[in-house]
>>> print(open('query32.pdb').read())   # PDB, C-alpha atoms and all ligand atoms
ATOM      1  CA  MET Z 271    -127.377  -6.992-144.047  1.00  0.00           C
ATOM      2  CA  LYS Z 272    -126.536  -7.186-140.352  1.00  0.00           C
ATOM      3  CA  THR Z 273    -127.322  -4.308-137.980  1.00  0.00           C
ATOM      4  CA  GLU Z 274    -125.712  -4.022-134.553  1.00  0.00           C
ATOM      5  CA  THR Z 275    -126.962  -1.822-131.765  1.00  0.00           C
ATOM      6  CA  THR Z 276    -126.741  -1.743-127.990  1.00  0.00           C
ATOM      7  CA  ALA Z 277    -129.365  -1.739-125.282  1.00  0.00           C
ATOM      8  CA  ILE Z 278    -129.291  -1.606-121.504  1.00  0.00           C
ATOM      9  CA  THR Z 279    -130.353  -4.590-119.481  1.00  0.00           C
ATOM     10  CA  TRP Z 280    -130.773  -4.295-115.717  1.00  0.00           C
ATOM     11  CA  PHE Z 281    -129.521  -7.017-113.397  1.00  0.00           C
ATOM     12  CA  TYR Z 282    -130.537  -7.373-109.785  1.00  0.00           C
ATOM     13  CA  ALA Z 283    -127.535  -6.518-107.591  1.00  0.00           C
ATOM     14  CA  CYS Z 284    -128.715  -6.665-103.970  1.00  0.00           C
ATOM     15  CA  ILE Z 285    -131.081  -5.284-101.357  1.00  0.00           C
ATOM     16  CA  ALA Z 286    -130.411  -1.564-100.779  1.00  0.00           C
ATOM     17  CA  ASP Z 287    -129.936  -2.101 -97.032  1.00  0.00           C
ATOM     18  CA  ASP Z 288    -127.032  -4.486 -97.782  1.00  0.00           C
ATOM     19  CA  VAL Z 289    -124.895  -1.546 -98.954  1.00  0.00           C
ATOM     20  CA  PRO Z 290    -123.249   0.411 -96.108  1.00  0.00           C
ATOM     21  CA  GLU Z 291    -124.087   4.110 -95.810  1.00  0.00           C
ATOM     22  CA  ASN Z 292    -121.476   6.192 -97.648  1.00  0.00           C
ATOM     23  CA  GLY Z 293    -119.690   3.030 -98.668  1.00  0.00           C
ATOM     24  CA  GLY Z 294    -119.619   0.280-101.232  1.00  0.00           C
ATOM     25  CA  VAL Z 295    -119.927  -3.424-101.912  1.00  0.00           C
ATOM     26  CA  CYS Z 296    -118.647  -5.682-104.672  1.00  0.00           C
ATOM     27  CA  VAL Z 297    -121.283  -7.309-106.892  1.00  0.00           C
ATOM     28  CA  LYS Z 298    -120.567 -10.015-109.468  1.00  0.00           C
ATOM     29  CA  TYR Z 299    -122.085  -9.913-112.935  1.00  0.00           C
ATOM     30  CA  ASN Z 300    -121.028 -12.982-114.913  1.00  0.00           C
ATOM     31  CA  ASP Z 301    -117.205 -12.799-114.712  1.00  0.00           C
ATOM     32  CA  ASP Z 302    -117.109  -9.064-113.960  1.00  0.00           C
ATOM     33  CA  GLN Z 303    -116.860  -7.396-110.576  1.00  0.00           C
ATOM     34  CA  VAL Z 304    -118.818  -4.180-110.136  1.00  0.00           C
ATOM     35  CA  ALA Z 305    -118.299  -1.742-107.255  1.00  0.00           C
ATOM     36  CA  LEU Z 306    -121.666  -0.439-106.054  1.00  0.00           C
ATOM     37  CA  PHE Z 307    -121.749   2.690-103.867  1.00  0.00           C
ATOM     38  CA  HIS Z 308    -124.485   4.307-101.818  1.00  0.00           C
ATOM     39  CA  PHE Z 309    -123.492   7.925-101.337  1.00  0.00           C
ATOM     40  CA  THR Z 310    -126.016   8.431 -98.541  1.00  0.00           C
ATOM     41  CA  ARG Z 311    -124.961  12.021 -97.726  1.00  0.00           C
ATOM     42  CA  ARG Z 312    -125.957  13.034-101.264  1.00  0.00           C
ATOM     43  CA  GLY Z 313    -128.788  10.531-101.690  1.00  0.00           C
ATOM     44  CA  GLU Z 314    -127.046   9.046-104.751  1.00  0.00           C
ATOM     45  CA  TRP Z 315    -126.043   5.617-106.052  1.00  0.00           C
ATOM     46  CA  TYR Z 316    -123.089   4.846-108.332  1.00  0.00           C
ATOM     47  CA  ALA Z 317    -121.509   1.784-109.886  1.00  0.00           C
ATOM     48  CA  THR Z 318    -118.066   1.384-111.458  1.00  0.00           C
ATOM     49  CA  GLN Z 319    -115.746  -1.448-112.345  1.00  0.00           C
ATOM     50  CA  ASN Z 320    -114.225  -2.865-109.150  1.00  0.00           C
ATOM     51  CA  GLU Z 321    -110.757  -3.199-110.643  1.00  0.00           C
ATOM     52  CA  CYS Z 322    -108.490  -0.214-110.149  1.00  0.00           C
ATOM     53  CA  PRO Z 323    -106.808   0.470-113.510  1.00  0.00           C
ATOM     54  CA  HIS Z 324    -103.579   1.604-111.795  1.00  0.00           C
ATOM     55  CA  ARG Z 325    -102.331  -1.829-110.639  1.00  0.00           C
ATOM     56  CA  GLN Z 326    -105.359  -4.012-111.429  1.00  0.00           C
ATOM     57  CA  GLN Z 327    -106.361  -4.443-107.773  1.00  0.00           C
ATOM     58  CA  MET Z 328    -109.976  -5.549-107.177  1.00  0.00           C
ATOM     59  CA  ALA Z 329    -110.397  -2.933-104.500  1.00  0.00           C
ATOM     60  CA  LEU Z 330    -112.510   0.063-105.451  1.00  0.00           C
ATOM     61  CA  SER Z 331    -115.623  -1.171-103.608  1.00  0.00           C
ATOM     62  CA  ARG Z 332    -113.562  -0.766-100.400  1.00  0.00           C
ATOM     63  CA  GLY Z 333    -112.427   2.752-101.309  1.00  0.00           C
ATOM     64  CA  MET Z 334    -113.399   5.932 -99.481  1.00  0.00           C
ATOM     65  CA  ILE Z 335    -116.022   8.039-101.208  1.00  0.00           C
ATOM     66  CA  GLY Z 336    -116.254  11.807-101.016  1.00  0.00           C
ATOM     67  CA  ALA Z 337    -116.449  14.879-103.234  1.00  0.00           C
ATOM     68  CA  GLN Z 338    -113.935  17.107-105.014  1.00  0.00           C
ATOM     69  CA  ASN Z 339    -115.403  20.434-106.169  1.00  0.00           C
ATOM     70  CA  ASP Z 340    -118.831  18.807-105.832  1.00  0.00           C
ATOM     71  CA  GLU Z 341    -117.759  15.903-108.079  1.00  0.00           C
ATOM     72  CA  PRO Z 342    -118.510  12.583-106.312  1.00  0.00           C
ATOM     73  CA  LYS Z 343    -115.378  10.433-106.221  1.00  0.00           C
ATOM     74  CA  VAL Z 344    -113.859   7.214-104.921  1.00  0.00           C
ATOM     75  CA  ALA Z 345    -110.269   6.841-103.712  1.00  0.00           C
ATOM     76  CA  CYS Z 346    -108.559   3.510-104.284  1.00  0.00           C
ATOM     77  CA  PRO Z 347    -107.373   2.096-100.923  1.00  0.00           C
ATOM     78  CA  PHE Z 348    -103.993   1.081-102.387  1.00  0.00           C
ATOM     79  CA  HIS Z 349    -102.331   4.229-103.748  1.00  0.00           C
ATOM     80  CA  LYS Z 350    -105.161   6.739-103.274  1.00  0.00           C
ATOM     81  CA  LYS Z 351    -105.773   7.534-106.921  1.00  0.00           C
ATOM     82  CA  THR Z 352    -109.214   9.114-107.159  1.00  0.00           C
ATOM     83  CA  PHE Z 353    -111.881   8.644-109.813  1.00  0.00           C
ATOM     84  CA  SER Z 354    -115.116  10.449-110.597  1.00  0.00           C
ATOM     85  CA  LEU Z 355    -118.083   8.274-109.716  1.00  0.00           C
ATOM     86  CA  LYS Z 356    -120.092   9.996-112.465  1.00  0.00           C
ATOM     87  CA  THR Z 357    -117.721   9.712-115.429  1.00  0.00           C
ATOM     88  CA  GLY Z 358    -114.980   7.333-114.240  1.00  0.00           C
ATOM     89  CA  GLU Z 359    -112.330   9.937-115.107  1.00  0.00           C
ATOM     90  CA  CYS Z 360    -109.149   9.832-113.035  1.00  0.00           C
ATOM     91  CA  LEU Z 361    -109.109  13.046-110.998  1.00  0.00           C
ATOM     92  CA  ASN Z 362    -105.332  12.846-110.486  1.00  0.00           C
ATOM     93  CA  GLY Z 363    -104.786  13.653-114.163  1.00  0.00           C
ATOM     94  CA  ASP Z 364    -103.786  10.125-115.178  1.00  0.00           C
ATOM     95  CA  GLU Z 365    -104.891   8.599-118.481  1.00  0.00           C
ATOM     96  CA  CYS Z 366    -106.633   5.634-116.831  1.00  0.00           C
ATOM     97  CA  SER Z 367    -110.352   5.756-116.160  1.00  0.00           C
ATOM     98  CA  LEU Z 368    -113.141   3.555-114.845  1.00  0.00           C
ATOM     99  CA  LYS Z 369    -116.111   2.040-116.586  1.00  0.00           C
ATOM    100  CA  THR Z 370    -119.308   3.323-114.963  1.00  0.00           C
ATOM    101  CA  TYR Z 371    -122.788   1.825-114.897  1.00  0.00           C
ATOM    102  CA  PRO Z 372    -126.263   3.304-114.323  1.00  0.00           C
ATOM    103  CA  VAL Z 373    -128.007   2.320-111.075  1.00  0.00           C
ATOM    104  CA  LYS Z 374    -131.674   2.290-110.144  1.00  0.00           C
ATOM    105  CA  VAL Z 375    -133.434   1.399-106.894  1.00  0.00           C
ATOM    106  CA  GLU Z 376    -136.959  -0.020-106.952  1.00  0.00           C
ATOM    107  CA  ASN Z 377    -138.838  -1.154-103.849  1.00  0.00           C
ATOM    108  CA  GLY Z 378    -135.611  -1.371-101.853  1.00  0.00           C
ATOM    109  CA  ARG Z 379    -133.863  -3.486-104.518  1.00  0.00           C
ATOM    110  CA  VAL Z 380    -130.820  -2.213-106.407  1.00  0.00           C
ATOM    111  CA  PHE Z 381    -130.354  -2.837-110.135  1.00  0.00           C
ATOM    112  CA  ILE Z 382    -127.277  -2.103-112.269  1.00  0.00           C
ATOM    113  CA  GLY Z 383    -127.522  -1.423-115.986  1.00  0.00           C
ATOM    114  CA  VAL Z 384    -125.171  -3.150-118.404  1.00  0.00           C
ATOM    115  CA  SER Z 385    -124.937  -2.695-122.148  1.00  0.00           C
ATOM    116  CA  ILE Z 386    -125.728  -5.636-124.374  1.00  0.00           C
ATOM    117  CA  GLU Z 387    -125.165  -5.872-128.103  1.00  0.00           C
ATOM    118  CA  LEU Z 388    -128.157  -6.706-130.230  1.00  0.00           C
ATOM    119  CA  LYS Z 389    -127.528  -8.279-133.614  1.00  0.00           C
ATOM    120  CA  MET Z 390    -130.402  -8.155-136.055  1.00  0.00           C
ATOM    121  CA  VAL Z 391    -130.382  -9.864-139.381  1.00  0.00           C
ATOM    122  CA  ASN Z 392    -132.302  -8.223-142.188  1.00  0.00           C
ATOM    123  CA  SER Z 393    -135.542 -10.169-142.649  1.00  0.00           C
ATOM    124  CA  ASP Z 394    -135.215 -10.111-146.484  1.00  0.00           C
ATOM    125  CA  LYS Z 395    -131.920 -11.982-146.199  1.00  0.00           C
ATOM    126  CA  LYS Z 396    -133.536 -14.554-143.884  1.00  0.00           C
ATOM    127  CA  ILE Z 397    -136.269 -15.150-146.468  1.00  0.00           C
ATOM    128  CA  GLN Z 398    -133.657 -15.568-149.231  1.00  0.00           C
ATOM    129  CA  GLU Z 399    -131.727 -18.064-147.079  1.00  0.00           C
ATOM    130  CA  CYS Z 400    -134.925 -20.036-146.399  1.00  0.00           C
ATOM    131  CA  ASN Z 401    -135.761 -20.117-150.106  1.00  0.00           C
ATOM    132  CA  ALA Z 402    -132.230 -21.311-150.926  1.00  0.00           C
ATOM    133  CA  ARG Z 403    -132.554 -24.140-148.392  1.00  0.00           C
ATOM    134  CA  ASP Z 404    -135.928 -25.130-149.894  1.00  0.00           C
ATOM    135  CA  ASP Z 405    -134.358 -25.241-153.379  1.00  0.00           C
ATOM    136  CA  ASP Z 406    -131.479 -27.419-152.143  1.00  0.00           C
ATOM    137  CA  SER Z 407    -133.802 -29.900-150.418  1.00  0.00           C
ATOM    138  CA  SER Z 408    -136.031 -30.217-153.507  1.00  0.00           C
ATOM    139  CA  LYS Z 409    -132.942 -31.065-155.650  1.00  0.00           C
ATOM    140  CA  ALA Z 410    -131.960 -33.838-153.238  1.00  0.00           C
ATOM    141  CA  ALA Z 411    -135.407 -35.452-153.446  1.00  0.00           C
TER
HETATM  142  S1  LIG Z 501    -103.947   0.039-107.287  1.00  0.00           S
HETATM  143 FE1  LIG Z 501    -105.427   1.597-107.103  1.00  0.00          FE
HETATM  144  S2  LIG Z 501    -104.281   3.403-106.937  1.00  0.00           S
HETATM  145 FE2  LIG Z 501    -102.816   1.871-107.191  1.00  0.00          FE
END
>>> encode(input="query32.pdb", output="structure tokens")
Amino acid sequence: MKTETTAITWFYACIADDVPENGGVCVKYNDDQVALFHFTRRGEWYATQNECPHRQQMALSRGMIGAQNDEPKVACPFHKKTFSLKTGECLNGDECSLKTYPVKVENGRVFIGVSIELKMVNSDKKIQECNARDDDSSKAA
């Protein structure tokens, strides 16, 4: 029996001072681009995918950040679609949305959380497989 679950792993993104006040930077994680924002006026950090889902432009880290009814948001620099920095929801009413990531800052270093899938194999099955291999090797001898 195989069980799958997810966990968060934190990767080091950058030094906090490398992110402009009330602005963003693009951080690479494997083949993904993540937009990291320091909303200094609110004392908050956010991370989203860098790709705008409207026309697939890698541009959100260069977008303007602000608030709409107290909801922190980013506006894509291309066609000004806006997205919640908390949920990724498009605030213009479109279907598209952004993937968001948790952020933590420790000792002036910024970390972004990404989900990883854990696959666990039932230990009873492993024992059965080992026993089967032992049986096969004893037949060959
Ligand atoms: S590419 Fe971002 S709003 Fe169009």
>>> residues_around(input="query32.pdb", residues="Ala317 in chain Z", least_positions_apart="6", cutoff="12 Å", atoms="all atoms listed in the file", output="PDB file with C-alpha atoms, in the coordinates of the input")
ATOM      1  CA  ALA Z 283    -127.535  -6.518-107.591  1.00  0.00           C
ATOM      2  CA  VAL Z 289    -124.895  -1.546 -98.954  1.00  0.00           C
ATOM      3  CA  GLY Z 293    -119.690   3.030 -98.668  1.00  0.00           C
ATOM      4  CA  GLY Z 294    -119.619   0.280-101.232  1.00  0.00           C
ATOM      5  CA  VAL Z 295    -119.927  -3.424-101.912  1.00  0.00           C
ATOM      6  CA  CYS Z 296    -118.647  -5.682-104.672  1.00  0.00           C
ATOM      7  CA  VAL Z 297    -121.283  -7.309-106.892  1.00  0.00           C
ATOM      8  CA  LYS Z 298    -120.567 -10.015-109.468  1.00  0.00           C
ATOM      9  CA  GLN Z 303    -116.860  -7.396-110.576  1.00  0.00           C
ATOM     10  CA  VAL Z 304    -118.818  -4.180-110.136  1.00  0.00           C
ATOM     11  CA  ALA Z 305    -118.299  -1.742-107.255  1.00  0.00           C
ATOM     12  CA  LEU Z 306    -121.666  -0.439-106.054  1.00  0.00           C
ATOM     13  CA  PHE Z 307    -121.749   2.690-103.867  1.00  0.00           C
ATOM     14  CA  HIS Z 308    -124.485   4.307-101.818  1.00  0.00           C
ATOM     15  CA  PHE Z 309    -123.492   7.925-101.337  1.00  0.00           C
ATOM     16  CA  LEU Z 330    -112.510   0.063-105.451  1.00  0.00           C
ATOM     17  CA  SER Z 331    -115.623  -1.171-103.608  1.00  0.00           C
ATOM     18  CA  PRO Z 342    -118.510  12.583-106.312  1.00  0.00           C
ATOM     19  CA  LYS Z 343    -115.378  10.433-106.221  1.00  0.00           C
ATOM     20  CA  VAL Z 344    -113.859   7.214-104.921  1.00  0.00           C
ATOM     21  CA  PHE Z 353    -111.881   8.644-109.813  1.00  0.00           C
ATOM     22  CA  SER Z 354    -115.116  10.449-110.597  1.00  0.00           C
ATOM     23  CA  LEU Z 355    -118.083   8.274-109.716  1.00  0.00           C
ATOM     24  CA  LYS Z 356    -120.092   9.996-112.465  1.00  0.00           C
ATOM     25  CA  THR Z 357    -117.721   9.712-115.429  1.00  0.00           C
ATOM     26  CA  GLY Z 358    -114.980   7.333-114.240  1.00  0.00           C
ATOM     27  CA  LEU Z 368    -113.141   3.555-114.845  1.00  0.00           C
ATOM     28  CA  LYS Z 369    -116.111   2.040-116.586  1.00  0.00           C
ATOM     29  CA  THR Z 370    -119.308   3.323-114.963  1.00  0.00           C
ATOM     30  CA  TYR Z 371    -122.788   1.825-114.897  1.00  0.00           C
ATOM     31  CA  PRO Z 372    -126.263   3.304-114.323  1.00  0.00           C
ATOM     32  CA  VAL Z 373    -128.007   2.320-111.075  1.00  0.00           C
ATOM     33  CA  LYS Z 374    -131.674   2.290-110.144  1.00  0.00           C
ATOM     34  CA  VAL Z 380    -130.820  -2.213-106.407  1.00  0.00           C
ATOM     35  CA  PHE Z 381    -130.354  -2.837-110.135  1.00  0.00           C
ATOM     36  CA  ILE Z 382    -127.277  -2.103-112.269  1.00  0.00           C
ATOM     37  CA  GLY Z 383    -127.522  -1.423-115.986  1.00  0.00           C
ATOM     38  CA  VAL Z 384    -125.171  -3.150-118.404  1.00  0.00           C
TER      39      VAL Z 384
END
>>> axis_aligned_box(input="query32.pdb", around="range 326-338 of chain Z", padding_each_side="6 Å", output="AutoDock Vina command-line options")
--center_x -110.9 --center_y 5.8 --center_z -105.5 --size_x 23.1 --size_y 34.7 --size_z 23.9
>>> residues_near_ligand(input="query32.pdb", ligand="ligand LIG 501 (chain Z)", cutoff="10 Å", atoms="only C-alpha atoms and all ligand atoms", output="PyMOL selection string")
chain Z and resi 321-330+333+345-353
>>> atom_distance(input="query32.pdb", atom1="CA of Ala337 in chain Z", atom2="CA of Ser367 in chain Z")
17.0 Å
>>> atom_distance(input="query32.pdb", atom1="CA of Glu376 in chain Z", atom2="CA of Arg332 in chain Z")
24.3 Å
>>> closest_residue(input="query32.pdb", among="Z:Cys366, Z:Ile335, Z:Val375, Z:Leu388", to="Ile285 in chain Z", atoms="only C-alpha atoms")
Z:Val375
>>> atom_distance(input="query32.pdb", atom1="CA of Asn320 in chain Z", atom2="CA of Thr275 in chain Z")
26.0 Å
>>> residues_around(input="query32.pdb", residues="Thr276 in chain Z", least_positions_apart="6", cutoff="7 Å", atoms="only C-alpha atoms", output="NGL selection string")
:Z and (385-388)
